[in-house]
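Visitor: What follows is a structure written as structure tokens; I'll ask about it next.
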Amino acid sequence: MRKWISFPQKQGTASRQAHADFPEEAIYEREAGRSGFFGPATHFHHQHAPTGWSDWQGPLRPRLFDFNQLKDINPASPWAVPTLLHNAHCKFRLWDISEPMKKLARNADGDDLLFIHDGSAELFCDYGHMSLRDGDYVVIPRSTNWRLVPNEQMRILMIEATNSAYQLPDKGLVGNHAIFDPAVLDVPEINEAFKAQYSEDEWQVEVKRHGEVSVVTFPYNPLDAVGWHGDLAPVRVNWRDIRPLMSHRYHLPPSAHTTFVADRFVVCTFVPRPIESDPGALKVPFYHNNDDYDEVLFYHAGDFFSRDNIDRGMVTFHPAGFTHGPHPKAFQAGREHKKKFTDEVAVMLDTRDSLSAGQAADGVENPDYVYSWQEKK
């Protein structure tokens, strides 16, 4: 048995409640926490912004990638898409696709999570047929045969749970129907569209295992199921189905917006919501050291209210080990309560193990992002 060393203490001038009612002489709060907002934490009150560095040397830095500039990420196979961010437990990739897949894909390395950033498609898999649209998450269980038939040009965010599976978070005190009711989860159907693709023509399956691809040929289409029963299947949920947890008096941590969990990482979704209205409550994300997790944000739509000059399709990457938080203009706007509602949609990946950037990601990085927290004179 084990437990964190716990000894709640207080020194100097500090608020009684995290993220609210800061002392006037120190309006900047910084959270130093463990275990991705689930562990022990201390809240400091500073006279200067914790992100007010004037220079930065060395590889540990906040990074911004404009993935709208990526080229040649439209191979016929998802297994040929370059990896942008990765570690032993997770792979983060973007795939452009406009033509129907000519071969089936099967990932024997782990579950895949597809997030439809742009476009729409028909998904055919072992379990049946499902129509996809922008904003859909689709969990594809390990070793499922699948293919996409796009209706238009698509961009898909793919996050692989390497040697792992996606599960839903424990919703604790708020109950199983909070955030989204499991009843909104859709599964593929053995419908007329699925039956119409039965075929005695030759089909190939590209199977990825240990990062290498094998090709298995069948003299018929393996997607030939006439029915199934059980509790394992691909599932779909759209961000529009998510009803976020909110508090008008307290800025909830990102962990409150967890959508999927896997071994060693979580995927969270930020969706439009009212901004805190209590006069003493913090109204922007708090400055924090999430010292056990790397943090990646993929911006899907809207105006991300804690960042400046961020467009849809961009990605920020904040490795563990330093404080990050809102940009100065956003922090001041929060103090003045200029916005009453956020209209952002973003996908966050929080990984327990450090991520490395692939070569394709390095080619579209903005090296000046590290200085974007500097106050404009």
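In the structure tokens, the first chain shown is A, the next is B, and so on; residue numbers restart at 1 for each chain, and ligands run from 1 in the order shown.
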Applying 9 Å and only C-alpha atoms, which residues near Pro253 of chain A remain after dropping the ones on its own chain fewer than 4 positions away? List them as a PDB file with all heavy atoms, in the first residue's frame.

Guide:
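The resulting file, around_39.pdb, is shown below:
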```pdb
ATOM      1  N   PHE A  37      -3.693  16.525 -12.403  1.00  0.00           N
ATOM      2  CA  PHE A  37      -4.770  17.193 -11.667  1.00  0.00           C
ATOM      3  C   PHE A  37      -5.505  16.262 -10.703  1.00  0.00           C
ATOM      4  O   PHE A  37      -6.475  16.674 -10.069  1.00  0.00           O
ATOM      5  CB  PHE A  37      -5.784  17.847 -12.623  1.00  0.00           C
ATOM      6  CG  PHE A  37      -5.160  18.774 -13.621  1.00  0.00           C
ATOM      7  CD1 PHE A  37      -5.005  18.378 -14.937  1.00  0.00           C
ATOM      8  CD2 PHE A  37      -4.702  20.024 -13.236  1.00  0.00           C
ATOM      9  CE1 PHE A  37      -4.410  19.218 -15.864  1.00  0.00           C
ATOM     10  CE2 PHE A  37      -4.104  20.876 -14.157  1.00  0.00           C
ATOM     11  CZ  PHE A  37      -3.958  20.469 -15.468  1.00  0.00           C
ATOM     12  N   HIS A 257     -12.902  17.359 -18.244  1.00  0.00           N
ATOM     13  CA  HIS A 257     -13.391  17.265 -19.618  1.00  0.00           C
ATOM     14  C   HIS A 257     -12.844  16.020 -20.319  1.00  0.00           C
ATOM     15  O   HIS A 257     -12.793  15.975 -21.549  1.00  0.00           O
ATOM     16  CB  HIS A 257     -13.007  18.533 -20.374  1.00  0.00           C
ATOM     17  CG  HIS A 257     -13.460  19.796 -19.692  1.00  0.00           C
ATOM     18  ND1 HIS A 257     -14.784  20.149 -19.609  1.00  0.00           N
ATOM     19  CD2 HIS A 257     -12.768  20.758 -19.024  1.00  0.00           C
ATOM     20  CE1 HIS A 257     -14.894  21.287 -18.948  1.00  0.00           C
ATOM     21  NE2 HIS A 257     -13.682  21.671 -18.580  1.00  0.00           N
ATOM     22  N   PRO A 285      -8.143  29.501 -18.088  1.00  0.00           N
ATOM     23  CA  PRO A 285      -7.347  28.411 -17.505  1.00  0.00           C
ATOM     24  C   PRO A 285      -6.246  28.941 -16.603  1.00  0.00           C
ATOM     25  O   PRO A 285      -5.579  29.934 -16.909  1.00  0.00           O
ATOM     26  CB  PRO A 285      -6.766  27.724 -18.753  1.00  0.00           C
ATOM     27  CG  PRO A 285      -7.754  28.006 -19.826  1.00  0.00           C
ATOM     28  CD  PRO A 285      -8.256  29.401 -19.548  1.00  0.00           C
ATOM     29  N   PHE A 286      -6.041  28.263 -15.487  1.00  0.00           N
ATOM     30  CA  PHE A 286      -5.060  28.738 -14.515  1.00  0.00           C
ATOM     31  C   PHE A 286      -3.649  28.351 -14.940  1.00  0.00           C
ATOM     32  O   PHE A 286      -3.423  27.357 -15.615  1.00  0.00           O
ATOM     33  CB  PHE A 286      -5.369  28.183 -13.115  1.00  0.00           C
ATOM     34  CG  PHE A 286      -5.712  26.725 -13.066  1.00  0.00           C
ATOM     35  CD1 PHE A 286      -4.732  25.751 -12.906  1.00  0.00           C
ATOM     36  CD2 PHE A 286      -7.037  26.312 -13.160  1.00  0.00           C
ATOM     37  CE1 PHE A 286      -5.052  24.402 -12.849  1.00  0.00           C
ATOM     38  CE2 PHE A 286      -7.372  24.966 -13.098  1.00  0.00           C
ATOM     39  CZ  PHE A 286      -6.377  24.010 -12.955  1.00  0.00           C
TER      40      PHE A 286
END
```

Visitor: Which residues of segment 104-158 of chain A sit at most 12 Å from segment 311-335 of chain A, using only C-alpha atoms? Give each one's shortest atom pair and distance in Å (one decimal place), in chain and ascending residue order, as CSV.

Guide:
```
residue,atom,partner,partner_atom,distance
A:Ile116,CA,A:Gly313,CA,11.5
A:His117,CA,A:Gly313,CA,8.0
A:Asp118,CA,A:Gly313,CA,9.7
A:Arg155,CA,A:Gly313,CA,9.4
A:Ile156,CA,A:Gly313,CA,10.5
A:Leu157,CA,A:Gly313,CA,9.8
```

Visitor: Pull all heavy atoms from the residues just selected and write them as a short mmCIF file (atom, residue, chain, number, x, y, z; two decimals), in the first residue's frame.

Guide:
```
data_model
loop_
_atom_site.label_atom_id
_atom_site.label_comp_id
_atom_site.auth_asym_id
_atom_site.auth_seq_id
_atom_site.Cartn_x
_atom_site.Cartn_y
_atom_site.Cartn_z
N ILE A 116 -12.81 13.30 -36.76
CA ILE A 116 -13.04 13.86 -38.08
C ILE A 116 -12.97 15.39 -37.99
O ILE A 116 -13.91 16.04 -37.52
CB ILE A 116 -14.39 13.41 -38.67
CG1 ILE A 116 -14.57 11.90 -38.54
CG2 ILE A 116 -14.50 13.87 -40.12
CD1 ILE A 116 -13.47 11.08 -39.19
N HIS A 117 -11.84 15.94 -38.43
CA HIS A 117 -11.64 17.39 -38.38
C HIS A 117 -12.39 18.07 -39.52
O HIS A 117 -13.04 19.10 -39.32
CB HIS A 117 -10.14 17.68 -38.45
CG HIS A 117 -9.79 19.14 -38.45
ND1 HIS A 117 -10.27 20.01 -37.50
CD2 HIS A 117 -9.00 19.88 -39.29
CE1 HIS A 117 -9.78 21.23 -37.74
NE2 HIS A 117 -9.03 21.16 -38.83
N ASP A 118 -12.30 17.51 -40.71
CA ASP A 118 -12.99 18.05 -41.88
C ASP A 118 -13.58 16.90 -42.69
O ASP A 118 -12.98 15.83 -42.79
CB ASP A 118 -12.03 18.83 -42.79
CG ASP A 118 -11.68 20.19 -42.23
OD1 ASP A 118 -12.58 20.90 -41.77
OD2 ASP A 118 -10.48 20.56 -42.27
N ARG A 155 -9.89 15.57 -43.49
CA ARG A 155 -8.70 15.55 -42.63
C ARG A 155 -9.09 14.88 -41.34
O ARG A 155 -10.08 15.25 -40.69
CB ARG A 155 -8.13 16.94 -42.38
CG ARG A 155 -7.00 16.93 -41.35
CD ARG A 155 -6.07 18.12 -41.45
NE ARG A 155 -5.16 18.00 -42.59
CZ ARG A 155 -4.07 18.75 -42.75
NH1 ARG A 155 -3.77 19.69 -41.86
NH2 ARG A 155 -3.29 18.60 -43.81
N ILE A 156 -8.32 13.86 -40.95
CA ILE A 156 -8.65 13.04 -39.79
C ILE A 156 -7.48 13.06 -38.82
O ILE A 156 -6.33 12.84 -39.21
CB ILE A 156 -8.93 11.58 -40.22
CG1 ILE A 156 -10.09 11.54 -41.22
CG2 ILE A 156 -9.23 10.70 -39.01
CD1 ILE A 156 -10.29 10.17 -41.85
N LEU A 157 -7.76 13.36 -37.56
CA LEU A 157 -6.79 13.20 -36.49
C LEU A 157 -6.86 11.77 -36.01
O LEU A 157 -7.95 11.27 -35.66
CB LEU A 157 -7.11 14.17 -35.34
CG LEU A 157 -6.34 13.98 -34.03
CD1 LEU A 157 -4.84 14.19 -34.24
CD2 LEU A 157 -6.87 14.91 -32.95
#
```

Visitor: Counting only C-alpha atoms, which of A:Trp56, A:Phe38, A:Tyr250, A:Phe194 gets nearest to Tyr293 of chain A?

Guide: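 Answer, going by the shortest atom-to-atom distance: A:Phe38.
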
Visitor: To test your reading of the structure, identify every residue in segment 162-234 of chain A that backbone DSSP assigns to strand (DSSP E or B), and report it as a list of chain:residue names.

Guide: A:Thr162, A:Gln167, A:Ile179, A:Asp186, A:Glu189, A:Trp203, A:Gln204, A:Val205, A:Glu206, A:Val207, A:Lys208, A:Arg209, A:Glu212, A:Val213, A:Ser214, A:Val215, A:Val216, A:Thr217, A:Phe218

Visitor: Only all heavy atoms, please: the residues just picked out, written as a compact mmCIF listing (two decimals), in the first residue's frame.

Guide:
```
# COMPACT_ATOMS: atom_id res chain seq x y z
N THR A 162 -1.23 2.54 -28.36
CA THR A 162 -0.34 1.43 -28.68
C THR A 162 -0.33 0.40 -27.56
O THR A 162 -0.09 0.72 -26.40
CB THR A 162 1.09 1.95 -28.92
OG1 THR A 162 1.04 3.00 -29.91
CG2 THR A 162 2.00 0.84 -29.42
N GLN A 167 -11.06 3.39 -23.10
CA GLN A 167 -12.17 3.19 -22.18
C GLN A 167 -12.77 4.55 -21.83
O GLN A 167 -12.21 5.60 -22.18
CB GLN A 167 -11.68 2.48 -20.90
CG GLN A 167 -11.10 1.09 -21.15
CD GLN A 167 -10.52 0.49 -19.88
OE1 GLN A 167 -9.59 1.04 -19.27
NE2 GLN A 167 -11.05 -0.65 -19.48
N ILE A 179 -21.74 14.44 -18.71
CA ILE A 179 -20.83 14.75 -19.84
C ILE A 179 -21.45 14.23 -21.14
O ILE A 179 -21.71 15.01 -22.04
CB ILE A 179 -19.41 14.22 -19.62
CG1 ILE A 179 -18.86 14.71 -18.27
CG2 ILE A 179 -18.50 14.68 -20.76
CD1 ILE A 179 -17.49 14.20 -17.93
N ASP A 186 -23.00 5.53 -30.74
CA ASP A 186 -23.52 4.78 -31.87
C ASP A 186 -22.55 3.67 -32.25
O ASP A 186 -21.33 3.81 -32.08
CB ASP A 186 -23.72 5.70 -33.08
CG ASP A 186 -24.75 6.77 -32.83
OD1 ASP A 186 -25.82 6.45 -32.28
OD2 ASP A 186 -24.49 7.94 -33.17
N GLU A 189 -23.93 -0.68 -38.09
CA GLU A 189 -25.13 -1.47 -38.31
C GLU A 189 -24.94 -2.42 -39.50
O GLU A 189 -24.30 -2.08 -40.49
CB GLU A 189 -26.33 -0.57 -38.59
CG GLU A 189 -26.67 0.38 -37.45
CD GLU A 189 -27.83 1.31 -37.81
OE1 GLU A 189 -28.27 1.28 -38.99
OE2 GLU A 189 -28.28 2.04 -36.92
N TRP A 203 -9.91 -9.15 -52.16
CA TRP A 203 -9.63 -8.01 -51.29
C TRP A 203 -8.35 -8.28 -50.50
O TRP A 203 -8.04 -9.43 -50.19
CB TRP A 203 -10.78 -7.75 -50.32
CG TRP A 203 -11.85 -6.88 -50.91
CD1 TRP A 203 -12.90 -7.26 -51.68
CD2 TRP A 203 -11.95 -5.46 -50.75
NE1 TRP A 203 -13.66 -6.18 -52.02
CE2 TRP A 203 -13.11 -5.05 -51.47
CE3 TRP A 203 -11.20 -4.50 -50.08
CZ2 TRP A 203 -13.52 -3.72 -51.54
CZ3 TRP A 203 -11.60 -3.17 -50.14
CH2 TRP A 203 -12.75 -2.78 -50.87
N GLN A 204 -7.65 -7.20 -50.18
CA GLN A 204 -6.45 -7.30 -49.36
C GLN A 204 -6.62 -6.52 -48.06
O GLN A 204 -7.32 -5.50 -48.02
CB GLN A 204 -5.23 -6.79 -50.12
CG GLN A 204 -4.84 -7.66 -51.30
CD GLN A 204 -3.58 -7.17 -51.98
OE1 GLN A 204 -3.35 -5.99 -52.15
NE2 GLN A 204 -2.74 -8.13 -52.40
N VAL A 205 -5.98 -7.03 -47.02
CA VAL A 205 -5.99 -6.39 -45.70
C VAL A 205 -4.57 -6.03 -45.34
O VAL A 205 -3.67 -6.88 -45.37
CB VAL A 205 -6.58 -7.32 -44.62
CG1 VAL A 205 -6.62 -6.61 -43.27
CG2 VAL A 205 -7.97 -7.80 -45.02
N GLU A 206 -4.34 -4.74 -45.00
CA GLU A 206 -3.03 -4.29 -44.53
C GLU A 206 -3.03 -4.34 -43.01
O GLU A 206 -3.74 -3.56 -42.36
CB GLU A 206 -2.73 -2.89 -45.03
CG GLU A 206 -2.58 -2.81 -46.54
CD GLU A 206 -2.21 -1.43 -47.03
OE1 GLU A 206 -2.74 -0.45 -46.47
OE2 GLU A 206 -1.39 -1.33 -47.95
N VAL A 207 -2.27 -5.25 -42.44
CA VAL A 207 -2.23 -5.46 -41.00
C VAL A 207 -0.94 -4.86 -40.45
O VAL A 207 0.15 -5.22 -40.88
CB VAL A 207 -2.28 -6.96 -40.65
CG1 VAL A 207 -2.36 -7.15 -39.14
CG2 VAL A 207 -3.46 -7.64 -41.34
N LYS A 208 -1.09 -3.92 -39.50
CA LYS A 208 0.08 -3.32 -38.87
C LYS A 208 0.35 -3.99 -37.53
O LYS A 208 -0.55 -4.07 -36.68
CB LYS A 208 -0.12 -1.81 -38.66
CG LYS A 208 1.12 -1.11 -38.06
CD LYS A 208 0.95 0.39 -38.05
CE LYS A 208 0.03 0.86 -36.94
NZ LYS A 208 0.65 0.68 -35.57
N ARG A 209 1.56 -4.48 -37.35
CA ARG A 209 1.97 -5.11 -36.09
C ARG A 209 3.43 -4.77 -35.86
O ARG A 209 4.26 -4.94 -36.75
CB ARG A 209 1.78 -6.62 -36.14
CG ARG A 209 2.21 -7.38 -34.89
CD ARG A 209 1.43 -6.95 -33.67
NE ARG A 209 1.74 -7.80 -32.51
CZ ARG A 209 1.53 -7.45 -31.25
NH1 ARG A 209 0.98 -6.27 -30.97
NH2 ARG A 209 1.82 -8.27 -30.26
N GLU A 212 5.18 -2.65 -38.43
CA GLU A 212 5.42 -3.18 -39.76
C GLU A 212 4.10 -3.67 -40.35
O GLU A 212 3.21 -4.11 -39.63
CB GLU A 212 6.44 -4.32 -39.72
CG GLU A 212 7.80 -3.88 -39.22
CD GLU A 212 8.81 -5.02 -39.21
OE1 GLU A 212 8.38 -6.19 -39.07
OE2 GLU A 212 10.01 -4.74 -39.33
N VAL A 213 3.99 -3.58 -41.69
CA VAL A 213 2.73 -3.89 -42.36
C VAL A 213 2.85 -5.20 -43.13
O VAL A 213 3.79 -5.39 -43.92
CB VAL A 213 2.33 -2.74 -43.32
CG1 VAL A 213 1.05 -3.12 -44.08
CG2 VAL A 213 2.11 -1.46 -42.54
N SER A 214 1.92 -6.10 -42.89
CA SER A 214 1.76 -7.33 -43.68
C SER A 214 0.50 -7.19 -44.52
O SER A 214 -0.46 -6.52 -44.11
CB SER A 214 1.64 -8.55 -42.78
OG SER A 214 2.79 -8.70 -41.96
N VAL A 215 0.49 -7.80 -45.69
CA VAL A 215 -0.68 -7.75 -46.57
C VAL A 215 -1.25 -9.16 -46.71
O VAL A 215 -0.55 -10.09 -47.13
CB VAL A 215 -0.30 -7.18 -47.95
CG1 VAL A 215 -1.54 -7.17 -48.86
CG2 VAL A 215 0.27 -5.77 -47.82
N VAL A 216 -2.52 -9.30 -46.32
CA VAL A 216 -3.21 -10.59 -46.38
C VAL A 216 -4.26 -10.51 -47.48
O VAL A 216 -5.08 -9.59 -47.49
CB VAL A 216 -3.87 -10.92 -45.03
CG1 VAL A 216 -4.49 -12.31 -45.08
CG2 VAL A 216 -2.86 -10.81 -43.88
N THR A 217 -4.24 -11.47 -48.40
CA THR A 217 -5.15 -11.46 -49.53
C THR A 217 -6.26 -12.49 -49.34
O THR A 217 -5.99 -13.63 -48.94
CB THR A 217 -4.39 -11.76 -50.84
OG1 THR A 217 -3.36 -10.77 -51.02
CG2 THR A 217 -5.32 -11.73 -52.04
N PHE A 218 -7.49 -12.08 -49.61
CA PHE A 218 -8.65 -12.96 -49.55
C PHE A 218 -9.30 -13.00 -50.93
O PHE A 218 -9.35 -11.97 -51.62
CB PHE A 218 -9.68 -12.45 -48.53
CG PHE A 218 -9.22 -12.52 -47.10
CD1 PHE A 218 -8.47 -11.50 -46.54
CD2 PHE A 218 -9.55 -13.61 -46.30
CE1 PHE A 218 -8.05 -11.56 -45.22
CE2 PHE A 218 -9.14 -13.67 -44.98
CZ PHE A 218 -8.39 -12.65 -44.44
```

Visitor: Could you pull the residues within 10 Å of Ser35 of chain A, counting only C-alpha atoms, minus those fewer than 3 positions along the same chain, as a PDB file with N, CA and C atoms, in the first residue's frame?

Guide:
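Generated file (selection.pdb):
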```pdb
ATOM      1  N   PHE A  38      -5.074  15.016 -10.574  1.00  0.00           N
ATOM      2  CA  PHE A  38      -5.701  14.080  -9.651  1.00  0.00           C
ATOM      3  C   PHE A  38      -4.903  13.922  -8.359  1.00  0.00           C
ATOM      4  N   GLY A  39      -3.668  14.402  -8.334  1.00  0.00           N
ATOM      5  CA  GLY A  39      -2.808  14.197  -7.190  1.00  0.00           C
ATOM      6  C   GLY A  39      -2.710  15.419  -6.289  1.00  0.00           C
ATOM      7  N   PRO A  40      -1.749  15.429  -5.363  1.00  0.00           N
ATOM      8  CA  PRO A  40      -1.575  16.575  -4.485  1.00  0.00           C
ATOM      9  C   PRO A  40      -1.176  17.809  -5.280  1.00  0.00           C
ATOM     10  N   ALA A  41      -1.516  18.978  -4.762  1.00  0.00           N
ATOM     11  CA  ALA A  41      -1.231  20.226  -5.466  1.00  0.00           C
ATOM     12  C   ALA A  41      -1.015  21.352  -4.466  1.00  0.00           C
ATOM     13  N   ASN A 290       1.865  21.008 -14.888  1.00  0.00           N
ATOM     14  CA  ASN A 290       1.363  19.630 -14.917  1.00  0.00           C
ATOM     15  C   ASN A 290       2.594  18.741 -15.073  1.00  0.00           C
ATOM     16  N   ASP A 291       3.316  18.551 -13.988  1.00  0.00           N
ATOM     17  CA  ASP A 291       4.698  18.064 -14.075  1.00  0.00           C
ATOM     18  C   ASP A 291       4.837  16.588 -14.394  1.00  0.00           C
ATOM     19  N   ASP A 292       3.751  15.853 -14.458  1.00  0.00           N
ATOM     20  CA  ASP A 292       3.835  14.436 -14.792  1.00  0.00           C
ATOM     21  C   ASP A 292       3.363  14.125 -16.210  1.00  0.00           C
ATOM     22  N   TYR A 293       2.785  15.098 -16.902  1.00  0.00           N
ATOM     23  CA  TYR A 293       2.164  14.835 -18.199  1.00  0.00           C
ATOM     24  C   TYR A 293       2.614  15.850 -19.251  1.00  0.00           C
ATOM     25  N   ARG A 352       1.299  10.501 -20.032  1.00  0.00           N
ATOM     26  CA  ARG A 352       2.124  10.314 -18.835  1.00  0.00           C
ATOM     27  C   ARG A 352       3.607  10.200 -19.181  1.00  0.00           C
TER      28      ARG A 352
END
```

Visitor: Taking only C-alpha atoms into account, which of A:Val235, A:Leu252, A:Val149, A:Val174 comes nearest Gln197 of chain A?

Guide: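 For Gln197 of chain A, the nearest of the given residues is A:Val149.
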